[in-house]
>>> print(open('data20.cif').read())   # mmCIF, C-alpha atoms; chains and numbers go by the auth columns
data_start
loop_
_atom_site.group_PDB
_atom_site.id
_atom_site.type_symbol
_atom_site.label_atom_id
_atom_site.label_comp_id
_atom_site.label_asym_id
_atom_site.label_seq_id
_atom_site.Cartn_x
_atom_site.Cartn_y
_atom_site.Cartn_z
_atom_site.B_iso_or_equiv
_atom_site.auth_seq_id
_atom_site.auth_asym_id
ATOM 1 C CA MET A 1 -36.910 -26.669 -18.465 0.00 1 A
ATOM 2 C CA ASP A 2 -38.402 -24.231 -16.003 0.00 2 A
ATOM 3 C CA GLY A 3 -37.520 -20.581 -16.394 0.00 3 A
ATOM 4 C CA VAL A 4 -34.938 -18.721 -14.349 0.00 4 A
ATOM 5 C CA GLY A 5 -36.015 -18.249 -10.721 0.00 5 A
ATOM 6 C CA ALA A 6 -32.914 -16.567 -9.301 0.00 6 A
ATOM 7 C CA VAL A 7 -30.145 -14.322 -10.566 0.00 7 A
ATOM 8 C CA VAL A 8 -26.995 -14.509 -8.456 0.00 8 A
ATOM 9 C CA LEU A 9 -24.189 -12.026 -8.980 0.00 9 A
ATOM 10 C CA ASP A 10 -20.557 -11.844 -7.987 0.00 10 A
ATOM 11 C CA PHE A 11 -19.697 -8.844 -5.785 0.00 11 A
ATOM 12 C CA TYR A 12 -16.349 -7.213 -6.619 0.00 12 A
ATOM 13 C CA GLY A 13 -15.937 -6.386 -10.298 0.00 13 A
ATOM 14 C CA THR A 14 -19.596 -7.141 -10.976 0.00 14 A
ATOM 15 C CA LEU A 15 -21.601 -4.997 -8.546 0.00 15 A
ATOM 16 C CA VAL A 16 -18.866 -2.852 -6.974 0.00 16 A
ATOM 17 C CA ARG A 17 -15.436 -1.460 -7.760 0.00 17 A
ATOM 18 C CA MET A 18 -12.650 -0.095 -5.601 0.00 18 A
ATOM 19 C CA VAL A 19 -12.264 3.684 -5.467 0.00 19 A
ATOM 20 C CA ARG A 20 -9.799 6.085 -3.874 0.00 20 A
ATOM 21 C CA PRO A 21 -8.431 6.360 -1.302 0.00 21 A
ATOM 22 C CA LEU A 22 -6.914 2.949 -2.020 0.00 22 A
ATOM 23 C CA PRO A 23 -5.725 0.642 0.778 0.00 23 A
ATOM 24 C CA PRO A 24 -2.228 1.392 2.083 0.00 24 A
ATOM 25 C CA ASP A 25 0.525 -0.328 0.126 0.00 25 A
ATOM 26 C CA HIS A 26 2.202 -3.055 2.162 0.00 26 A
ATOM 27 C CA ARG A 27 5.693 -1.820 1.246 0.00 27 A
ATOM 28 C CA GLY A 28 5.079 1.416 3.127 0.00 28 A
ATOM 29 C CA ILE A 29 3.859 -0.527 6.160 0.00 29 A
ATOM 30 C CA PHE A 30 7.040 -2.602 6.192 0.00 30 A
ATOM 31 C CA ALA A 31 9.275 0.420 5.572 0.00 31 A
ATOM 32 C CA ARG A 32 7.847 2.394 8.502 0.00 32 A
ATOM 33 C CA ARG A 33 8.829 -0.499 10.727 0.00 33 A
ATOM 34 C CA GLY A 34 12.358 -0.713 9.375 0.00 34 A
ATOM 35 C CA LEU A 35 11.543 -3.844 7.383 0.00 35 A
ATOM 36 C CA THR A 36 12.028 -2.617 3.812 0.00 36 A
ATOM 37 C CA ALA A 37 13.890 -5.706 2.627 0.00 37 A
ATOM 38 C CA GLN A 38 11.245 -8.020 4.072 0.00 38 A
ATOM 39 C CA GLY A 39 8.529 -5.963 2.377 0.00 39 A
ATOM 40 C CA GLU A 40 10.173 -6.464 -0.996 0.00 40 A
ATOM 41 C CA LEU A 41 10.127 -10.229 -0.426 0.00 41 A
ATOM 42 C CA TRP A 42 6.402 -10.186 0.401 0.00 42 A
ATOM 43 C CA GLY A 43 5.310 -10.032 -3.234 0.00 43 A
ATOM 44 C CA ASP A 44 1.800 -9.163 -4.343 0.00 44 A
ATOM 45 C CA GLN A 45 -0.236 -7.455 -1.645 0.00 45 A
ATOM 46 C CA TRP A 46 -3.260 -9.720 -2.102 0.00 46 A
ATOM 47 C CA ALA A 47 -1.532 -13.039 -2.791 0.00 47 A
ATOM 48 C CA VAL A 48 -1.462 -14.004 0.887 0.00 48 A
ATOM 49 C CA GLY A 49 -5.216 -14.648 0.969 0.00 49 A
ATOM 50 C CA PRO A 50 -6.879 -18.007 0.288 0.00 50 A
ATOM 51 C CA ARG A 51 -6.342 -19.280 -3.237 0.00 51 A
ATOM 52 C CA GLU A 52 -9.063 -19.416 -5.851 0.00 52 A
ATOM 53 C CA GLY A 53 -10.913 -22.687 -5.333 0.00 53 A
ATOM 54 C CA GLU A 54 -9.420 -23.299 -1.864 0.00 54 A
ATOM 55 C CA GLU A 55 -11.493 -25.236 0.670 0.00 55 A
ATOM 56 C CA HIS A 56 -11.151 -24.023 4.271 0.00 56 A
ATOM 57 C CA SER A 57 -14.273 -25.269 6.037 0.00 57 A
ATOM 58 C CA ALA A 58 -12.271 -26.192 9.166 0.00 58 A
ATOM 59 C CA TYR A 59 -11.716 -22.477 9.773 0.00 59 A
ATOM 60 C CA SER A 60 -15.184 -21.225 8.824 0.00 60 A
ATOM 61 C CA ALA A 61 -17.133 -22.307 11.898 0.00 61 A
ATOM 62 C CA ASP A 62 -17.324 -18.756 13.255 0.00 62 A
ATOM 63 C CA GLU A 63 -15.824 -15.309 12.810 0.00 63 A
ATOM 64 C CA VAL A 64 -13.247 -15.664 15.580 0.00 64 A
ATOM 65 C CA THR A 65 -11.850 -18.866 14.112 0.00 65 A
ATOM 66 C CA TYR A 66 -11.807 -17.499 10.585 0.00 66 A
ATOM 67 C CA THR A 67 -10.137 -14.195 11.401 0.00 67 A
ATOM 68 C CA ALA A 68 -7.537 -15.999 13.530 0.00 68 A
ATOM 69 C CA TRP A 69 -6.761 -18.171 10.493 0.00 69 A
ATOM 70 C CA GLU A 70 -6.409 -15.065 8.314 0.00 70 A
ATOM 71 C CA ARG A 71 -3.946 -13.562 10.759 0.00 71 A
ATOM 72 C CA GLU A 72 -1.964 -16.775 11.051 0.00 72 A
ATOM 73 C CA ARG A 73 -1.547 -16.841 7.267 0.00 73 A
ATOM 74 C CA LEU A 74 -0.152 -13.292 7.434 0.00 74 A
ATOM 75 C CA ARG A 75 2.127 -14.293 10.303 0.00 75 A
ATOM 76 C CA ARG A 76 3.531 -17.293 8.415 0.00 76 A
ATOM 77 C CA ARG A 77 4.163 -15.202 5.316 0.00 77 A
ATOM 78 C CA ALA A 78 5.909 -12.523 7.385 0.00 78 A
ATOM 79 C CA ARG A 79 8.116 -15.109 9.101 0.00 79 A
ATOM 80 C CA ASP A 80 9.024 -16.601 5.722 0.00 80 A
ATOM 81 C CA CYS A 81 10.080 -13.119 4.579 0.00 81 A
ATOM 82 C CA GLY A 82 12.427 -12.801 7.536 0.00 82 A
ATOM 83 C CA VAL A 83 10.400 -10.584 9.884 0.00 83 A
ATOM 84 C CA PRO A 84 11.783 -10.929 13.435 0.00 84 A
ATOM 85 C CA ARG A 85 9.498 -12.591 15.974 0.00 85 A
ATOM 86 C CA GLU A 86 9.241 -9.451 18.120 0.00 86 A
ATOM 87 C CA ALA A 87 7.928 -7.439 15.153 0.00 87 A
ATOM 88 C CA LEU A 88 5.278 -9.928 14.022 0.00 88 A
ATOM 89 C CA ASP A 89 2.244 -8.919 16.099 0.00 89 A
ATOM 90 C CA GLY A 90 2.250 -5.228 15.255 0.00 90 A
ATOM 91 C CA LEU A 91 3.006 -5.870 11.593 0.00 91 A
ATOM 92 C CA VAL A 92 0.250 -8.460 11.260 0.00 92 A
ATOM 93 C CA ASP A 93 -2.274 -6.130 12.910 0.00 93 A
ATOM 94 C CA GLU A 94 -1.488 -3.354 10.452 0.00 94 A
ATOM 95 C CA LEU A 95 -1.388 -5.597 7.389 0.00 95 A
ATOM 96 C CA ASP A 96 -4.750 -7.132 8.283 0.00 96 A
ATOM 97 C CA ARG A 97 -6.350 -3.690 8.680 0.00 97 A
ATOM 98 C CA ALA A 98 -4.810 -2.434 5.454 0.00 98 A
ATOM 99 C CA MET A 99 -6.037 -5.376 3.371 0.00 99 A
ATOM 100 C CA LYS A 100 -9.591 -4.735 4.565 0.00 100 A
ATOM 101 C CA ALA A 101 -9.518 -0.929 4.235 0.00 101 A
ATOM 102 C CA ILE A 102 -11.297 -1.079 0.911 0.00 102 A
ATOM 103 C CA ARG A 103 -13.555 1.736 -0.257 0.00 103 A
ATOM 104 C CA LEU A 104 -16.217 0.479 -2.649 0.00 104 A
ATOM 105 C CA GLU A 105 -18.842 2.050 -4.896 0.00 105 A
ATOM 106 C CA LEU A 106 -21.585 0.549 -7.022 0.00 106 A
ATOM 107 C CA PHE A 107 -21.281 0.437 -10.777 0.00 107 A
ATOM 108 C CA PRO A 108 -23.856 2.864 -12.244 0.00 108 A
ATOM 109 C CA ASP A 109 -26.088 0.120 -13.668 0.00 109 A
ATOM 110 C CA VAL A 110 -26.517 -1.912 -10.486 0.00 110 A
ATOM 111 C CA ARG A 111 -29.502 -0.359 -8.699 0.00 111 A
ATOM 112 C CA GLU A 112 -31.726 -0.171 -11.759 0.00 112 A
ATOM 113 C CA VAL A 113 -31.005 -3.716 -12.905 0.00 113 A
ATOM 114 C CA LEU A 114 -31.365 -5.380 -9.511 0.00 114 A
ATOM 115 C CA GLY A 115 -34.595 -3.519 -8.912 0.00 115 A
ATOM 116 C CA ALA A 116 -35.942 -4.608 -12.284 0.00 116 A
ATOM 117 C CA LEU A 117 -35.057 -8.241 -11.619 0.00 117 A
ATOM 118 C CA ARG A 118 -36.881 -8.256 -8.300 0.00 118 A
ATOM 119 C CA ARG A 119 -39.934 -6.548 -9.796 0.00 119 A
ATOM 120 C CA ARG A 120 -40.110 -9.443 -12.246 0.00 120 A
ATOM 121 C CA GLY A 121 -40.402 -11.877 -9.352 0.00 121 A
ATOM 122 C CA LEU A 122 -36.837 -13.134 -9.389 0.00 122 A
ATOM 123 C CA LEU A 123 -34.790 -13.904 -6.311 0.00 123 A
ATOM 124 C CA VAL A 124 -31.583 -11.824 -6.354 0.00 124 A
ATOM 125 C CA GLY A 125 -28.427 -13.088 -4.687 0.00 125 A
ATOM 126 C CA VAL A 126 -24.758 -12.252 -4.186 0.00 126 A
ATOM 127 C CA CYS A 127 -22.055 -14.921 -4.093 0.00 127 A
ATOM 128 C CA SER A 128 -18.465 -13.815 -3.679 0.00 128 A
ATOM 129 C CA ASN A 129 -14.956 -14.733 -2.600 0.00 129 A
ATOM 130 C CA TRP A 130 -14.682 -12.234 0.235 0.00 130 A
ATOM 131 C CA PHE A 131 -13.834 -11.607 3.877 0.00 131 A
ATOM 132 C CA TRP A 132 -16.187 -12.602 6.714 0.00 132 A
ATOM 133 C CA ASN A 133 -18.043 -9.287 6.456 0.00 133 A
ATOM 134 C CA LEU A 134 -19.619 -9.721 3.011 0.00 134 A
ATOM 135 C CA GLU A 135 -23.142 -9.176 4.361 0.00 135 A
ATOM 136 C CA GLU A 136 -22.048 -5.925 6.014 0.00 136 A
ATOM 137 C CA CYS A 137 -20.348 -4.749 2.813 0.00 137 A
ATOM 138 C CA VAL A 138 -23.505 -5.422 0.819 0.00 138 A
ATOM 139 C CA GLU A 139 -25.392 -3.256 3.302 0.00 139 A
ATOM 140 C CA GLU A 140 -22.766 -0.509 3.302 0.00 140 A
ATOM 141 C CA VAL A 141 -22.897 -0.036 -0.473 0.00 141 A
ATOM 142 C CA GLY A 142 -26.673 0.318 -0.275 0.00 142 A
ATOM 143 C CA LEU A 143 -27.854 -3.075 -1.520 0.00 143 A
ATOM 144 C CA GLY A 144 -29.280 -4.467 1.693 0.00 144 A
ATOM 145 C CA GLY A 145 -32.850 -4.038 0.506 0.00 145 A
ATOM 146 C CA ALA A 146 -32.118 -5.131 -3.043 0.00 146 A
ATOM 147 C CA VAL A 147 -30.645 -8.581 -2.360 0.00 147 A
ATOM 148 C CA ASP A 148 -32.392 -11.656 -0.976 0.00 148 A
ATOM 149 C CA VAL A 149 -29.463 -14.056 -0.482 0.00 149 A
ATOM 150 C CA VAL A 150 -25.793 -13.393 0.350 0.00 150 A
ATOM 151 C CA VAL A 151 -23.225 -16.219 0.308 0.00 151 A
ATOM 152 C CA GLY A 152 -19.566 -15.447 0.964 0.00 152 A
ATOM 153 C CA SER A 153 -16.602 -17.770 0.782 0.00 153 A
ATOM 154 C CA ALA A 154 -15.467 -17.045 4.351 0.00 154 A
ATOM 155 C CA ARG A 155 -18.653 -18.444 5.855 0.00 155 A
ATOM 156 C CA ALA A 156 -19.293 -21.083 3.181 0.00 156 A
ATOM 157 C CA GLY A 157 -15.925 -22.734 3.809 0.00 157 A
ATOM 158 C CA ALA A 158 -14.546 -22.548 0.281 0.00 158 A
ATOM 159 C CA ARG A 159 -13.747 -20.067 -2.443 0.00 159 A
ATOM 160 C CA LYS A 160 -15.214 -20.173 -5.919 0.00 160 A
ATOM 161 C CA PRO A 161 -14.921 -22.260 -8.028 0.00 161 A
ATOM 162 C CA HIS A 162 -14.904 -24.950 -5.320 0.00 162 A
ATOM 163 C CA PRO A 163 -18.217 -26.892 -5.459 0.00 163 A
ATOM 164 C CA LEU A 164 -18.877 -26.340 -1.738 0.00 164 A
ATOM 165 C CA ILE A 165 -19.704 -22.650 -2.112 0.00 165 A
ATOM 166 C CA TYR A 166 -22.134 -23.336 -4.961 0.00 166 A
ATOM 167 C CA ARG A 167 -23.883 -26.009 -2.891 0.00 167 A
ATOM 168 C CA ALA A 168 -24.287 -23.492 -0.074 0.00 168 A
ATOM 169 C CA LEU A 169 -25.678 -20.988 -2.564 0.00 169 A
ATOM 170 C CA LEU A 170 -28.199 -23.405 -4.042 0.00 170 A
ATOM 171 C CA ASP A 171 -29.336 -24.422 -0.552 0.00 171 A
ATOM 172 C CA ARG A 172 -29.975 -20.764 0.293 0.00 172 A
ATOM 173 C CA CYS A 173 -31.835 -20.153 -2.970 0.00 173 A
ATOM 174 C CA ALA A 174 -33.947 -23.309 -2.485 0.00 174 A
ATOM 175 C CA LEU A 175 -33.995 -23.827 -6.237 0.00 175 A
ATOM 176 C CA PRO A 176 -32.666 -26.520 -8.557 0.00 176 A
ATOM 177 C CA PRO A 177 -29.413 -25.418 -10.212 0.00 177 A
ATOM 178 C CA GLU A 178 -30.910 -25.159 -13.690 0.00 178 A
ATOM 179 C CA ARG A 179 -33.177 -22.369 -12.443 0.00 179 A
ATOM 180 C CA VAL A 180 -30.279 -20.256 -11.148 0.00 180 A
ATOM 181 C CA LEU A 181 -28.434 -17.809 -13.376 0.00 181 A
ATOM 182 C CA PHE A 182 -24.945 -16.846 -12.176 0.00 182 A
ATOM 183 C CA VAL A 183 -23.428 -13.537 -13.346 0.00 183 A
ATOM 184 C CA GLY A 184 -19.862 -12.387 -12.855 0.00 184 A
ATOM 185 C CA ASP A 185 -16.658 -11.051 -14.357 0.00 185 A
ATOM 186 C CA MET A 186 -14.235 -13.824 -13.369 0.00 186 A
ATOM 187 C CA TRP A 187 -13.950 -16.735 -15.759 0.00 187 A
ATOM 188 C CA ALA A 188 -13.467 -19.810 -13.569 0.00 188 A
ATOM 189 C CA PRO A 189 -15.327 -18.618 -10.430 0.00 189 A
ATOM 190 C CA ASP A 190 -18.289 -17.027 -12.213 0.00 190 A
ATOM 191 C CA VAL A 191 -18.660 -19.013 -15.443 0.00 191 A
ATOM 192 C CA LEU A 192 -16.980 -22.414 -15.418 0.00 192 A
ATOM 193 C CA GLY A 193 -17.688 -23.175 -11.753 0.00 193 A
ATOM 194 C CA PRO A 194 -21.412 -22.367 -11.919 0.00 194 A
ATOM 195 C CA LEU A 195 -21.757 -24.357 -15.146 0.00 195 A
ATOM 196 C CA ASP A 196 -20.115 -27.374 -13.506 0.00 196 A
ATOM 197 C CA ALA A 197 -22.598 -26.987 -10.641 0.00 197 A
ATOM 198 C CA GLY A 198 -25.518 -27.177 -13.114 0.00 198 A
ATOM 199 C CA MET A 199 -26.362 -23.479 -13.160 0.00 199 A
ATOM 200 C CA ARG A 200 -26.569 -21.178 -16.139 0.00 200 A
ATOM 201 C CA ALA A 201 -23.831 -18.576 -16.424 0.00 201 A
ATOM 202 C CA VAL A 202 -23.356 -15.087 -17.821 0.00 202 A
ATOM 203 C CA HIS A 203 -19.882 -13.645 -18.264 0.00 203 A
ATOM 204 C CA LEU A 204 -19.843 -9.911 -17.529 0.00 204 A
ATOM 205 C CA HIS A 205 -17.116 -8.346 -19.680 0.00 205 A
ATOM 206 C CA ARG A 206 -17.305 -4.640 -18.892 0.00 206 A
ATOM 207 C CA PRO A 207 -15.358 -2.112 -21.006 0.00 207 A
ATOM 208 C CA ASP A 208 -13.869 -0.758 -17.743 0.00 208 A
ATOM 209 C CA ARG A 209 -13.309 -4.200 -16.242 0.00 209 A
ATOM 210 C CA ALA A 210 -10.693 -4.999 -13.635 0.00 210 A
ATOM 211 C CA VAL A 211 -9.706 -8.205 -15.465 0.00 211 A
ATOM 212 C CA ASP A 212 -7.423 -7.610 -18.448 0.00 212 A
ATOM 213 C CA GLY A 213 -7.240 -9.602 -21.648 0.00 213 A
ATOM 214 C CA PRO A 214 -9.662 -10.878 -24.259 0.00 214 A
ATOM 215 C CA ALA A 215 -12.771 -12.786 -23.284 0.00 215 A
ATOM 216 C CA PRO A 216 -12.457 -16.577 -23.673 0.00 216 A
ATOM 217 C CA PRO A 217 -14.781 -18.397 -26.074 0.00 217 A
ATOM 218 C CA LEU A 218 -18.117 -19.131 -24.449 0.00 218 A
ATOM 219 C CA PRO A 219 -18.903 -22.724 -23.516 0.00 219 A
ATOM 220 C CA ALA A 220 -22.357 -24.215 -23.998 0.00 220 A
ATOM 221 C CA GLY A 221 -24.858 -22.853 -21.504 0.00 221 A
ATOM 222 C CA ALA A 222 -23.149 -19.479 -21.080 0.00 222 A
ATOM 223 C CA ALA A 223 -23.787 -15.995 -22.440 0.00 223 A
ATOM 224 C CA ARG A 224 -21.827 -12.741 -22.358 0.00 224 A
ATOM 225 C CA ILE A 225 -22.850 -9.148 -21.645 0.00 225 A
ATOM 226 C CA SER A 226 -20.920 -5.869 -21.476 0.00 226 A
ATOM 227 C CA GLY A 227 -23.123 -4.360 -18.747 0.00 227 A
ATOM 228 C CA LEU A 228 -25.735 -5.593 -16.303 0.00 228 A
ATOM 229 C CA ASP A 229 -28.519 -4.035 -18.356 0.00 229 A
ATOM 230 C CA GLY A 230 -27.895 -6.882 -20.784 0.00 230 A
ATOM 231 C CA LEU A 231 -29.749 -9.101 -18.307 0.00 231 A
ATOM 232 C CA LEU A 232 -32.951 -7.217 -19.035 0.00 232 A
ATOM 233 C CA THR A 233 -33.032 -7.623 -22.796 0.00 233 A
ATOM 234 C CA GLY A 234 -34.323 -11.196 -22.878 0.00 234 A
ATOM 235 C CA ALA A 235 -31.473 -12.163 -25.193 0.00 235 A
ATOM 236 C CA VAL A 236 -29.271 -13.625 -22.456 0.00 236 A
ATOM 237 C CA VAL A 237 -31.568 -16.344 -21.117 0.00 237 A
ATOM 238 C CA PRO A 238 -35.179 -16.664 -22.266 0.00 238 A
ATOM 239 C CA GLY A 239 -37.521 -16.007 -19.370 0.00 239 A
ATOM 240 C CA VAL A 240 -35.500 -13.388 -17.508 0.00 240 A
ATOM 241 C CA ALA A 241 -37.121 -10.515 -19.326 0.00 241 A
ATOM 242 C CA ALA A 242 -40.371 -12.234 -20.148 0.00 242 A
ATOM 243 C CA GLY A 243 -41.832 -12.154 -16.645 0.00 243 A
ATOM 244 C CA PRO A 244 -41.646 -13.801 -13.217 0.00 244 A
ATOM 245 C CA GLY A 245 -39.759 -17.063 -13.131 0.00 245 A
ATOM 246 C CA GLY A 246 -40.750 -17.935 -9.592 0.00 246 A
ATOM 247 C CA CYS A 247 -38.704 -17.435 -6.462 0.00 247 A
ATOM 248 C CA GLY A 248 -38.951 -20.910 -5.019 0.00 248 A
#
>>> encode(input="data20.cif", output="structure tokens")
Amino acid sequence: MDGVGAVVLDFYGTLVRMVRPLPPDHRGIFARRGLTAQGELWGDQWAVGPREGEEHSAYSADEVTYTAWERERLRRRARDCGVPREALDGLVDELDRAMKAIRLELFPDVREVLGALRRRGLLVGVCSNWFWNLEECVEEVGLGGAVDVVVGSARAGARKPHPLIYRALLDRCALPPERVLFVGDMWAPDVLGPLDAGMRAVHLHRPDRAVDGPAPPLPAGAARISGLDGLLTGAVVPGVAAGPGGCG
């Protein structure tokens, strides 16, 4: 088997974390509009987004279509919670802004590790379940010059672990799946999904991780690290630390 030619990393929880000030809580948004009871029915602030593994290619043709679909999902949820028709537009506008008002910072190990991977001749990519603006977010956190390929669910038409997003990723990398190493903190999207797509996988299980609970047993073809510097030891996948694997 050829060596690794690309290392692709998840974005949130792997490369970046959320920091204060946090996005506004939806209950406050509802309450300011006299809709406290409806806000309590809303449930989890983030649950209104596309589900893990959801395919939505019909809405991913362009940004206008995709963002209209996002807003319509918010509108339907608000109606189901009993929000009056005349209050929908303003509420949806504010909820949409609040969900995307996320302040991010890089984990301390990111710059050094990504730089080391590229110096070894490896293609470096990001693949994430995210809003339409993933490329802009990668730039804003300072990784624009450190990443070769960015694939987000909004533009790919499906969320990990749906096979469609991995096919889009492999097309962008221009490498066979066995030469791509996928790294991330989420079990199904970042480990099981990539393995099913023929890639190698590394489960990132940080001590300060956003995902609670013990790490599941590793399946064949996967490894586990507690920090991104584990990618540079050579113990994760032979060839990553040994030298260039080819970019394809």
>>> residues_around(input="data20.cif", residues="range 53-59 of chain A", least_positions_apart="5", cutoff="10 Å", atoms="all atoms listed in the file", output="ChimeraX atom specification")
/A:64-70,129,153-165,188-189,193
>>> resolve_selection(input="data20.cif", expression="the PyMOL selection byres ((chain A and resi 114-128) around 7)", output="list in words")
Gly5, Ala6, Val7, Val8, Leu9, Asp10, Phe11, Val110, Arg111, Glu112, Val113, Asn129, Trp130, Ala146, Val147, Asp148, Val149, Val150, Val151, Gly152, Ser153, Gly243, Pro244, Gly245, Gly246 and Cys247 of chain A
>>> atom_distance(input="data20.cif", atom1="CA of Ala37 in chain A", atom2="CA of Leu91 in chain A")
14.1 Å
>>> residues_near_point(input="data20.cif", point="(9.9, -5.7, 1.9)", cutoff="9 Å", atoms="all atoms listed in the file", output="list in words")
His26, Arg27, Gly28, Phe30, Ala31, Leu35, Thr36, Ala37, Gln38, Gly39, Glu40, Leu41, Trp42, Gly43 and Cys81 of chain A
>>> residues_around(input="data20.cif", residues="Lys100 in chain A", least_positions_apart="6", cutoff="12 Å", atoms="all atoms listed in the file", output="list in words")
Met18, Leu22, Pro23, Pro24, Asp25, Gln45, Trp46, Gly49, Thr67, Glu70, Asp93, Glu94, Trp130, Phe131, Trp132, Asn133, Leu134 and Cys137 of chain A
>>> closest_residue(input="data20.cif", among="A:Leu106, A:Met99, A:Ala168, A:Leu204", to="Val141 in chain A", atoms="only C-alpha atoms")
A:Leu106
>>> resolve_selection(input="data20.cif", expression="the PyMOL selection byres ((chain A and resi 184) around 8)", output="CSV table (one decimal) with C-alpha atoms, in the coordinates of the input")
chain,number,residue,atom,x,y,z
A,9,LEU,CA,-24.2,-12.0,-9.0
A,10,ASP,CA,-20.6,-11.8,-8.0
A,11,PHE,CA,-19.7,-8.8,-5.8
A,13,GLY,CA,-15.9,-6.4,-10.3
A,14,THR,CA,-19.6,-7.1,-11.0
A,182,PHE,CA,-24.9,-16.8,-12.2
A,183,VAL,CA,-23.4,-13.5,-13.3
A,185,ASP,CA,-16.7,-11.1,-14.4
A,186,MET,CA,-14.2,-13.8,-13.4
A,187,TRP,CA,-14.0,-16.7,-15.8
A,190,ASP,CA,-18.3,-17.0,-12.2
A,191,VAL,CA,-18.7,-19.0,-15.4
A,202,VAL,CA,-23.4,-15.1,-17.8
A,203,HIS,CA,-19.9,-13.6,-18.3
A,204,LEU,CA,-19.8,-9.9,-17.5
>>> closest_residue(input="data20.cif", among="A:Arg167, A:Arg51, A:Arg224, A:Arg103", to="Ala197 in chain A", atoms="only C-alpha atoms")
A:Arg167
>>> closest_residue(input="data20.cif", among="A:Ala47, A:Val92, A:Leu15, A:Pro207", to="Pro108 in chain A", atoms="all atoms listed in the file")
A:Leu15
>>> axis_aligned_box(input="data20.cif", around="range 219-224 of chain A", padding_each_side="3 Å", output="AutoDock Vina command-line options")
--center_x -21.9 --center_y -18.5 --center_z -22.5 --size_x 12.0 --size_y 17.5 --size_z 8.9
>>> closest_residue(input="data20.cif", among="A:Val16, A:Val211, A:Pro217, A:Asp171", to="Asp109 in chain A", atoms="only C-alpha atoms")
A:Val16
>>> atom_distance(input="data20.cif", atom1="CA of Arg76 in chain A", atom2="CA of Arg32 in chain A")
20.2 Å
>>> closest_residue(input="data20.cif", among="A:Arg206, A:Arg71, A:Arg33, A:Arg200", to="Arg179 in chain A", atoms="all atoms listed in the file")
A:Arg200
>>> closest_residue(input="data20.cif", among="A:Tyr166, A:Gly230, A:Cys173, A:Glu105", to="Leu143 in chain A", atoms="only C-alpha atoms")
A:Glu105
>>> atom_distance(input="data20.cif", atom1="CA of Ala201 in chain A", atom2="CA of Arg17 in chain A")
20.9 Å
